[in-house]
>>> print(open('data.txt').read())   # compact mmCIF, C-alpha atoms
# COMPACT_ATOMS: atom_id res chain seq x y z
CA MET A 96 70.91 -12.15 98.53
CA ASN A 97 67.46 -13.35 99.62
CA SER A 98 64.64 -10.95 100.51
CA ASN A 99 64.81 -11.92 104.20
CA PRO A 100 68.58 -11.89 104.90
CA ARG A 101 70.15 -13.27 108.06
CA ILE A 102 72.41 -10.61 109.58
CA LEU A 103 75.14 -10.96 112.20
CA PHE A 104 75.53 -7.66 114.11
CA VAL A 105 78.88 -7.27 115.96
CA ALA A 106 79.27 -4.30 118.33
CA ARG A 107 81.82 -3.48 121.02
CA ARG A 108 79.98 -0.37 122.22
CA TYR A 109 76.51 -1.33 123.33
CA PRO A 110 74.25 -0.70 126.35
CA PRO A 111 74.42 -0.91 129.32
CA SER A 112 77.64 0.90 128.43
CA VAL A 113 76.75 4.57 127.92
CA GLY A 114 77.55 6.83 124.98
CA GLY A 115 76.40 8.09 121.61
CA ILE A 116 77.67 5.09 119.64
CA GLN A 117 76.05 2.75 122.16
CA THR A 118 72.70 4.47 121.66
CA TYR A 119 73.21 4.34 117.90
CA ALA A 120 74.02 0.61 117.99
CA LYS A 121 71.00 -0.35 120.07
CA GLU A 122 68.57 1.70 118.00
CA LEU A 123 69.95 0.40 114.70
CA TYR A 124 69.86 -3.20 115.92
CA THR A 125 66.27 -2.79 117.12
CA ARG A 126 65.19 -1.26 113.81
CA LEU A 127 66.92 -3.89 111.68
CA CYS A 128 65.20 -6.64 113.69
CA GLN A 129 61.88 -5.30 112.38
CA HIS A 130 62.97 -6.16 108.82
CA CYS A 131 64.87 -9.46 109.09
CA PRO A 132 66.49 -11.94 111.51
CA VAL A 133 69.47 -10.31 113.28
CA THR A 134 71.89 -12.00 115.70
CA LEU A 135 73.67 -9.68 118.13
CA VAL A 136 77.20 -10.21 119.46
CA ALA A 137 77.94 -7.24 121.71
CA LEU A 138 80.17 -5.96 124.50
CA GLY A 139 78.33 -3.81 127.03
CA LYS A 140 81.34 -2.73 129.08
CA ASP A 141 83.45 0.42 128.84
CA PRO A 142 87.09 -0.25 129.86
CA LEU A 143 89.24 -1.10 126.87
CA PHE A 144 90.84 -4.07 128.63
CA HIS A 145 87.58 -5.98 128.03
CA LEU A 146 88.56 -6.13 124.36
CA ALA A 147 91.22 -8.69 125.34
CA TRP A 148 88.50 -11.30 125.83
CA PHE A 149 85.71 -9.84 123.71
CA MET A 150 87.54 -9.90 120.38
CA PRO A 151 88.42 -13.63 120.57
CA TYR A 152 84.92 -14.36 121.83
CA ALA A 153 83.35 -12.30 119.01
CA PHE A 154 85.46 -14.11 116.43
CA CYS A 155 84.46 -17.55 117.72
CA ALA A 156 80.81 -16.52 117.95
CA ALA A 157 80.93 -15.11 114.42
CA VAL A 158 82.48 -18.29 113.00
CA TYR A 159 79.80 -20.37 114.71
CA HIS A 160 76.96 -18.24 113.37
CA VAL A 161 78.20 -17.95 109.79
CA LEU A 162 78.74 -21.72 109.59
CA ARG A 163 75.73 -22.89 111.60
CA HIS A 164 73.16 -20.38 110.34
CA ARG A 165 74.62 -19.52 106.93
CA THR A 166 74.60 -15.81 107.64
CA ASP A 167 73.99 -13.57 104.60
CA ALA A 168 75.54 -10.37 105.97
CA VAL A 169 78.01 -9.52 108.72
CA PHE A 170 77.83 -6.00 110.10
CA PHE A 171 80.63 -4.52 112.22
CA MET A 172 79.38 -1.55 114.21
CA ASP A 173 82.81 0.12 114.31
CA GLY A 174 86.32 -0.12 112.94
CA VAL A 175 87.69 -1.97 115.96
CA THR A 176 85.35 -4.95 115.53
CA ALA A 177 86.00 -4.85 111.76
CA ALA A 178 89.57 -5.90 112.54
CA LEU A 179 88.04 -9.40 112.67
CA ALA A 180 86.95 -9.24 109.03
CA PRO A 181 90.14 -10.54 107.34
CA PHE A 182 90.20 -13.53 109.71
CA LEU A 183 86.49 -14.27 109.31
CA ARG A 184 86.44 -13.93 105.53
CA PRO A 185 87.73 -17.50 104.78
CA PHE A 186 84.73 -18.98 106.63
CA THR A 187 81.91 -17.31 104.71
CA PRO A 188 80.87 -15.66 101.43
CA ALA A 189 78.60 -13.29 103.41
CA ARG A 190 78.61 -9.59 102.59
CA PHE A 191 80.71 -7.59 105.09
CA THR A 192 79.86 -4.02 106.10
CA VAL A 193 81.46 -1.73 108.70
CA THR A 194 80.43 1.66 110.05
CA ILE A 195 83.28 4.13 110.62
CA HIS A 196 82.56 6.81 113.23
CA GLY A 197 85.56 9.10 112.85
CA ALA A 198 87.62 9.07 116.02
CA GLU A 199 88.80 5.48 115.53
CA LEU A 200 90.63 6.48 112.35
CA THR A 201 92.90 8.79 114.31
CA PHE A 202 94.13 6.36 116.99
CA ARG A 203 97.71 7.11 117.95
CA ARG A 204 98.79 3.45 118.14
CA ALA A 205 99.90 2.54 114.63
CA PHE A 206 99.39 -1.22 115.14
CA PHE A 207 95.70 -0.85 116.04
CA SER A 208 95.15 1.67 113.25
CA HIS A 209 96.66 -0.83 110.81
CA LEU A 210 94.33 -3.59 112.03
CA MET A 211 91.27 -1.36 111.63
CA ARG A 212 92.25 -0.23 108.15
CA ALA A 213 92.91 -3.84 107.11
CA GLY A 214 89.54 -4.82 108.51
CA ALA A 215 87.72 -2.03 106.68
CA ARG A 216 89.45 -2.96 103.42
CA ALA A 217 88.23 -6.56 103.85
CA CYS A 218 84.63 -5.32 103.96
CA ASP A 219 82.45 -4.93 100.88
CA ARG A 220 81.12 -1.59 102.08
CA THR A 221 82.22 1.06 104.57
CA VAL A 222 79.44 3.21 105.96
CA MET A 223 80.59 6.67 107.05
CA VAL A 224 78.57 8.65 109.58
CA SER A 225 79.37 11.94 107.83
CA ARG A 226 81.13 13.36 104.78
CA ALA A 227 83.83 14.67 107.11
CA THR A 228 84.44 11.12 108.36
CA SER A 229 84.52 9.86 104.77
CA ALA A 230 87.19 12.40 103.85
CA LEU A 231 89.19 11.45 106.95
CA ALA A 232 88.90 7.77 106.02
CA VAL A 233 90.27 8.36 102.53
CA ARG A 234 93.18 10.37 103.96
CA ASN A 235 93.90 7.40 106.22
CA GLY A 236 94.11 4.93 103.37
CA LEU A 237 90.58 3.54 102.99
CA PRO A 238 89.29 3.17 99.41
CA ALA A 239 86.81 5.86 98.47
CA GLY A 240 84.90 3.53 96.13
CA LYS A 241 83.53 1.41 98.98
CA ALA A 242 82.26 4.34 101.06
CA ARG A 243 78.63 5.29 101.58
CA VAL A 244 77.58 8.15 103.87
CA ILE A 245 74.54 7.32 106.01
CA TYR A 246 73.45 9.81 108.62
CA GLN A 247 72.25 8.41 111.91
CA GLY A 248 68.59 8.62 112.77
CA ILE A 249 67.83 10.78 115.78
CA TYR A 250 65.20 10.33 118.46
CA ALA A 251 65.01 11.85 121.93
CA ALA A 252 62.40 11.18 124.60
CA ILE A 253 60.38 14.22 125.69
CA PRO A 254 58.64 13.75 129.06
CA ALA A 255 55.51 15.79 129.60
CA GLY A 256 53.08 16.76 132.33
CA ASP A 257 53.34 14.97 135.68
CA GLU A 258 56.34 12.88 134.57
CA HIS A 259 58.33 15.99 133.69
CA ARG A 260 57.47 17.66 136.99
CA ARG A 261 58.40 14.52 138.95
CA LEU A 262 61.79 14.32 137.24
CA ARG A 263 62.45 18.03 137.74
CA ASP A 264 61.50 17.95 141.43
CA ARG A 265 63.67 14.89 142.03
CA PHE A 266 66.65 16.51 140.31
CA GLU A 267 66.28 19.78 142.19
CA ARG A 268 66.09 17.99 145.56
CA SER A 269 69.05 15.73 144.76
CA HIS A 270 71.39 18.45 143.49
CA GLY A 271 70.21 21.59 145.26
CA ILE A 272 69.54 23.44 142.00
CA ASP A 273 66.47 25.57 141.27
CA LEU A 274 66.08 25.11 137.51
CA GLY A 275 63.69 28.04 137.21
CA ALA A 276 65.82 30.62 139.00
CA ASN A 277 68.49 31.20 136.33
CA PRO A 278 69.12 30.53 132.63
CA ILE A 279 70.45 26.96 132.34
CA LEU A 280 73.02 25.93 129.73
CA LEU A 281 73.50 22.20 129.23
CA ASN A 282 76.29 19.87 128.14
CA TYR A 283 76.20 16.10 128.49
CA GLY A 284 77.97 13.04 127.11
CA ARG A 285 81.24 11.22 127.57
CA GLN A 286 83.72 13.89 128.57
CA VAL A 287 86.75 13.45 126.33
CA PRO A 288 89.37 16.06 125.35
CA ARG A 289 87.86 16.88 121.92
CA LYS A 290 84.63 18.06 123.60
CA GLY A 291 86.55 21.10 124.87
CA VAL A 292 84.52 21.50 128.06
CA ALA A 293 87.45 22.17 130.40
CA GLU A 294 88.80 24.77 127.96
CA PHE A 295 85.39 26.45 127.80
CA ILE A 296 85.19 26.66 131.58
CA LYS A 297 88.54 28.46 131.60
CA ALA A 298 88.07 30.72 128.55
CA GLY A 299 84.30 31.02 128.12
CA VAL A 300 82.52 30.87 131.47
CA PRO A 301 84.36 33.92 132.89
CA LEU A 302 82.95 35.93 129.94
CA MET A 303 79.35 34.90 130.62
CA ARG A 304 76.84 36.87 132.65
CA ASP A 305 76.87 35.99 136.34
CA ASP A 306 73.24 34.87 136.35
CA ILE A 307 73.84 32.03 133.83
CA ARG A 308 74.29 28.49 135.15
CA LEU A 309 76.15 25.75 133.26
CA LEU A 310 75.18 22.13 133.94
CA ILE A 311 77.70 19.48 132.75
CA SER A 312 76.76 15.80 132.91
CA GLY A 313 78.87 12.76 132.12
CA GLY A 314 81.99 10.86 133.07
CA GLY A 315 85.07 10.14 131.01
CA PRO A 316 88.81 10.80 131.05
CA VAL A 317 88.59 14.59 131.50
CA ARG A 318 85.88 14.59 134.17
CA ASP A 319 88.40 15.40 136.89
CA GLY A 320 89.97 18.09 134.71
CA ILE A 321 86.57 19.74 134.36
CA ARG A 322 86.00 19.71 138.11
CA ASN A 323 89.50 21.02 138.75
CA ALA A 324 88.89 23.91 136.34
CA VAL A 325 85.66 24.77 138.16
CA GLU A 326 87.40 24.70 141.55
CA SER A 327 90.50 26.63 140.47
CA LEU A 328 88.38 29.49 139.13
CA ASN A 329 85.91 29.42 142.05
CA LEU A 330 82.99 28.78 139.71
CA GLY A 331 81.21 26.28 141.92
CA ASP A 332 78.14 28.52 142.22
CA ARG A 333 77.85 28.86 138.42
CA VAL A 334 78.98 25.49 137.02
CA PHE A 335 77.47 22.22 138.24
CA THR A 336 78.97 18.78 137.52
CA PRO A 337 76.57 16.09 138.81
CA GLY A 338 78.27 13.21 136.94
CA TRP A 339 76.29 10.70 134.89
CA LEU A 340 72.55 11.36 134.74
CA ASP A 341 70.03 8.79 133.57
CA ASP A 342 68.17 9.17 130.29
CA PRO A 343 64.85 10.35 131.80
CA THR A 344 66.66 13.09 133.73
CA LEU A 345 68.51 14.22 130.61
CA ALA A 346 65.20 14.26 128.73
CA MET A 347 63.78 16.55 131.41
CA LEU A 348 66.82 18.83 131.25
CA ARG A 349 66.48 19.18 127.48
CA ARG A 350 63.18 20.91 128.20
CA GLU A 351 64.39 22.97 131.16
CA ALA A 352 67.62 24.28 129.62
CA GLN A 353 67.83 27.30 127.34
CA LEU A 354 70.79 26.16 125.21
CA PHE A 355 73.05 23.15 124.67
CA LEU A 356 76.75 23.96 124.28
CA MET A 357 79.21 22.12 122.02
CA PRO A 358 82.56 23.95 122.52
CA ASN A 359 84.64 21.32 120.71
CA ILE A 360 88.32 21.76 119.90
CA HIS A 361 90.24 20.24 116.99
CA LEU A 362 92.67 17.46 117.87
CA SER A 363 94.88 15.69 115.35
CA HIS A 364 94.45 12.34 117.13
CA ASP A 365 90.69 12.52 117.67
CA ALA A 366 87.64 13.76 115.76
CA GLU A 367 83.93 14.37 116.26
CA GLY A 368 82.43 12.12 113.62
CA PHE A 369 78.80 13.22 113.88
CA GLY A 370 77.55 14.72 117.16
CA ILE A 371 74.60 12.79 118.58
CA ALA A 372 73.97 14.70 121.82
CA PRO A 373 73.41 18.11 120.16
CA LEU A 374 71.07 16.55 117.59
CA GLU A 375 69.07 14.92 120.38
CA CYS A 376 68.69 18.39 121.86
CA LEU A 377 67.54 19.86 118.54
CA TYR A 378 65.01 17.01 118.26
CA ALA A 379 63.58 18.11 121.61
CA GLY A 380 63.55 21.78 120.57
CA LEU A 381 66.66 22.86 122.49
CA PRO A 382 68.90 25.15 120.37
CA VAL A 383 72.65 24.48 120.19
CA VAL A 384 75.64 26.82 120.12
CA TYR A 385 78.70 25.06 118.66
CA PHE A 386 82.21 25.58 117.39
CA ASP A 387 82.47 24.62 113.72
CA VAL A 388 84.90 21.72 114.32
CA ASP A 389 85.17 18.35 112.55
CA ALA A 390 81.73 17.10 111.43
CA LEU A 391 79.62 19.42 113.60
CA GLY A 392 79.17 22.00 110.85
CA GLU A 393 77.92 19.24 108.56
CA SER A 394 75.55 17.50 110.96
CA LEU A 395 74.16 20.57 112.75
CA ARG A 396 74.37 23.02 109.85
CA ASP A 397 71.87 25.86 110.29
CA GLY A 398 69.97 23.83 112.85
CA GLY A 399 72.44 25.19 115.39
CA PHE A 400 74.24 28.48 116.00
CA ARG A 401 77.66 28.13 114.35
CA VAL A 402 80.72 29.91 115.79
CA PRO A 403 84.28 29.91 114.33
CA PRO A 404 86.53 27.45 116.21
CA GLY A 405 88.23 28.81 119.30
CA ASP A 406 86.49 32.20 119.28
CA TYR A 407 85.26 32.17 122.88
CA PRO A 408 84.10 35.83 122.95
CA ALA A 409 81.93 35.17 119.86
CA PHE A 410 80.65 31.92 121.43
CA VAL A 411 79.58 33.72 124.59
CA GLU A 412 78.13 36.63 122.60
CA ARG A 413 75.96 34.12 120.71
CA ILE A 414 74.74 32.71 124.02
CA HIS A 415 73.84 36.16 125.31
CA ARG A 416 72.15 37.13 122.06
CA TYR A 417 69.86 34.13 122.21
CA LEU A 418 69.04 34.56 125.90
CA ASP A 419 68.12 38.20 125.23
CA LEU A 420 65.53 37.28 122.59
CA PRO A 421 61.83 37.88 123.38
CA ASP A 422 60.02 34.71 124.42
CA GLU A 423 58.09 34.50 121.15
CA ASP A 424 61.34 34.58 119.15
CA LYS A 425 62.79 31.83 121.32
CA GLU A 426 59.72 29.69 120.67
CA ARG A 427 60.14 30.21 116.93
CA GLU A 428 63.78 29.09 117.18
CA LYS A 429 62.79 25.99 119.15
CA THR A 430 60.20 25.08 116.54
CA ARG A 431 62.67 25.72 113.72
CA VAL A 432 65.48 23.53 115.09
CA GLN A 433 63.04 20.76 115.99
CA ALA A 434 61.65 20.72 112.46
CA PHE A 435 65.17 20.68 111.00
CA VAL A 436 66.41 17.57 112.80
CA ARG A 437 63.16 15.63 112.42
CA ALA A 438 63.17 16.22 108.68
CA GLU A 439 66.89 15.48 108.15
CA TYR A 440 67.51 12.56 110.50
CA SER A 441 64.60 10.13 110.57
CA TRP A 442 65.29 6.57 111.70
CA GLU A 443 63.07 5.23 108.94
CA LYS A 444 65.39 6.75 106.33
CA THR A 445 68.52 5.55 108.12
CA THR A 446 67.25 1.98 108.49
CA ALA A 447 66.19 1.77 104.84
CA GLN A 448 69.65 2.95 103.73
CA TYR A 449 71.36 0.38 105.95
CA MET A 450 69.15 -2.39 104.59
CA ASP A 451 70.20 -1.40 101.07
CA VAL A 452 73.89 -1.54 102.00
CA LEU A 453 73.71 -4.74 104.04
CA THR A 454 71.82 -6.60 101.29
CA GLY A 455 73.83 -5.21 98.38
CA ARG A 456 70.94 -3.27 96.86
CA ASP A 457 72.91 -0.02 96.93
>>> encode(input="data.txt", output="structure tokens")
Amino acid sequence: MNSNPRILFVARRYPPSVGGIQTYAKELYTRLCQHCPVTLVALGKDPLFHLAWFMPYAFCAAVYHVLRHRTDAVFFMDGVTAALAPFLRPFTPARFTVTIHGAELTFRRAFFSHLMRAGARACDRTVMVSRATSALAVRNGLPAGKARVIYQGIYAAIPAGDEHRRLRDRFERSHGIDLGANPILLNYGRQVPRKGVAEFIKAGVPLMRDDIRLLISGGGPVRDGIRNAVESLNLGDRVFTPGWLDDPTLAMLRREAQLFLMPNIHLSHDAEGFGIAPLECLYAGLPVVYFDVDALGESLRDGGFRVPPGDYPAFVERIHRYLDLPDEDKEREKTRVQAFVRAEYSWEKTTAQYMDVLTGRD
């Protein structure tokens, strides 16, 4: 392959759609563009029914690009888009690579799982976002010899000075919350069952001190279940659910909160492949308390506070123990977790590893 390869980048999860994989896709695309010409074919919409038109469109666009521009490498950002690989293969000798994120390997619908596995097998390389995802992929029939684990690079904006104060004041006025009055615990992201937030509200929040406030941001299929749990337990003065918050507001909250919570539960049909939101928090110096489920123990490791799965009393005890630390000890923890994620998950390292895989240098 030439030293300046032409890459076709196919992604179904991409901004303005919101989520960890979307953030990953945009950042990786932007970084790859600094090294070589990259053509993007992306879907920026959430509802799955958009796949009905996007997949045929992506296939036609891919055929056009590989024939017209003699593409050197085709990169599928997830297993769903890789389902196009067997159909695209006859049109090009380009090197095919797919990134597998974890949850897609556990889809309940056998037909779609078969398509994704066939697509991954048609690729020259399968990039796994964690060792846990790699093991799951092998158990689901993907060849181990093609796999390469590449950890995602992590970056999180950190507003300072007047910008931070402006964002904080706007949030407090909009939501009627005084961020300085009580310890704030944070959770944000797409609220899906494996995140375990509704279960934590029922089993964990009642064990917490009354002065602690939990702020949960994000939409998703269990958003209403979370709100119903808050209402049924009369926790409206302790748990706040403002819905989706924009990135600058989340960046401000990463500085205002005391801890980020990741109370995930294990589900046979879903899996946490990496855990982007908690690593963003560590990058900003916000410690994380998490259940050791799926890939979280691998990605967070000692950068977070690990708790055995499902042990809600131990989870809450770990929260209390951190909040009771002297201020100087908290500052040391913030510095420690920030140093951990910045050393382990640099985008420069991630991009270089992807370039090796996409060009066949690995």
>>> atom_distance(input="data.txt", atom1="atom CA of Leu146 of chain A", atom2="atom CA of Val317 of chain A")
21.9 Å
>>> residues_around(input="data.txt", residues="Phe154 of chain A", least_positions_apart="4", cutoff="7 Å", atoms="all atoms listed in the file", output="PyMOL selection string")
chain A and resi 150+158+179
>>> residues_around(input="data.txt", residues="segment 336-344 of chain A", least_positions_apart="6", cutoff="7 Å", atoms="all atoms listed in the file", output="PDB file with C-alpha atoms, in the frame of the given file")
ATOM      1  CA  LEU A 262      61.790  14.320 137.240  1.00  0.00           C
ATOM      2  CA  LEU A 310      75.180  22.130 133.940  1.00  0.00           C
ATOM      3  CA  ILE A 311      77.700  19.480 132.750  1.00  0.00           C
ATOM      4  CA  SER A 312      76.760  15.800 132.910  1.00  0.00           C
ATOM      5  CA  GLY A 313      78.870  12.760 132.120  1.00  0.00           C
ATOM      6  CA  GLY A 314      81.990  10.860 133.070  1.00  0.00           C
TER       7      GLY A 314
END
>>> atom_distance(input="data.txt", atom1="atom CA of Tyr109 of chain A", atom2="atom CA of Leu123 of chain A")
11.0 Å
>>> residues_around(input="data.txt", residues="segment 440-453 of chain A", least_positions_apart="6", cutoff="9 Å", atoms="all atoms listed in the file", output="PyMOL selection string")
chain A and resi 100+102+122-123+126-127+130+167-170+190-192+220+222+243+245-250+374
>>> closest_residue(input="data.txt", among="A:Leu280, A:Phe369, A:Asp319, A:Leu345", to="Val383 of chain A", atoms="only C-alpha atoms")
A:Leu280
>>> residues_near_point(input="data.txt", point="(63.0, 20.7, 121.4)", cutoff="8 Å", atoms="only C-alpha atoms", output="NGL selection string")
:A and (349-350 or 376-382 or 429-430 or 432-433)
>>> closest_residue(input="data.txt", among="A:Gly291, A:Met347, A:Lys297, A:Arg304", to="Asp264 of chain A", atoms="all atoms listed in the file")
A:Met347
>>> residues_around(input="data.txt", residues="Pro288 of chain A", least_positions_apart="4", cutoff="12 Å", atoms="all atoms listed in the file", output="count of residues only")
24
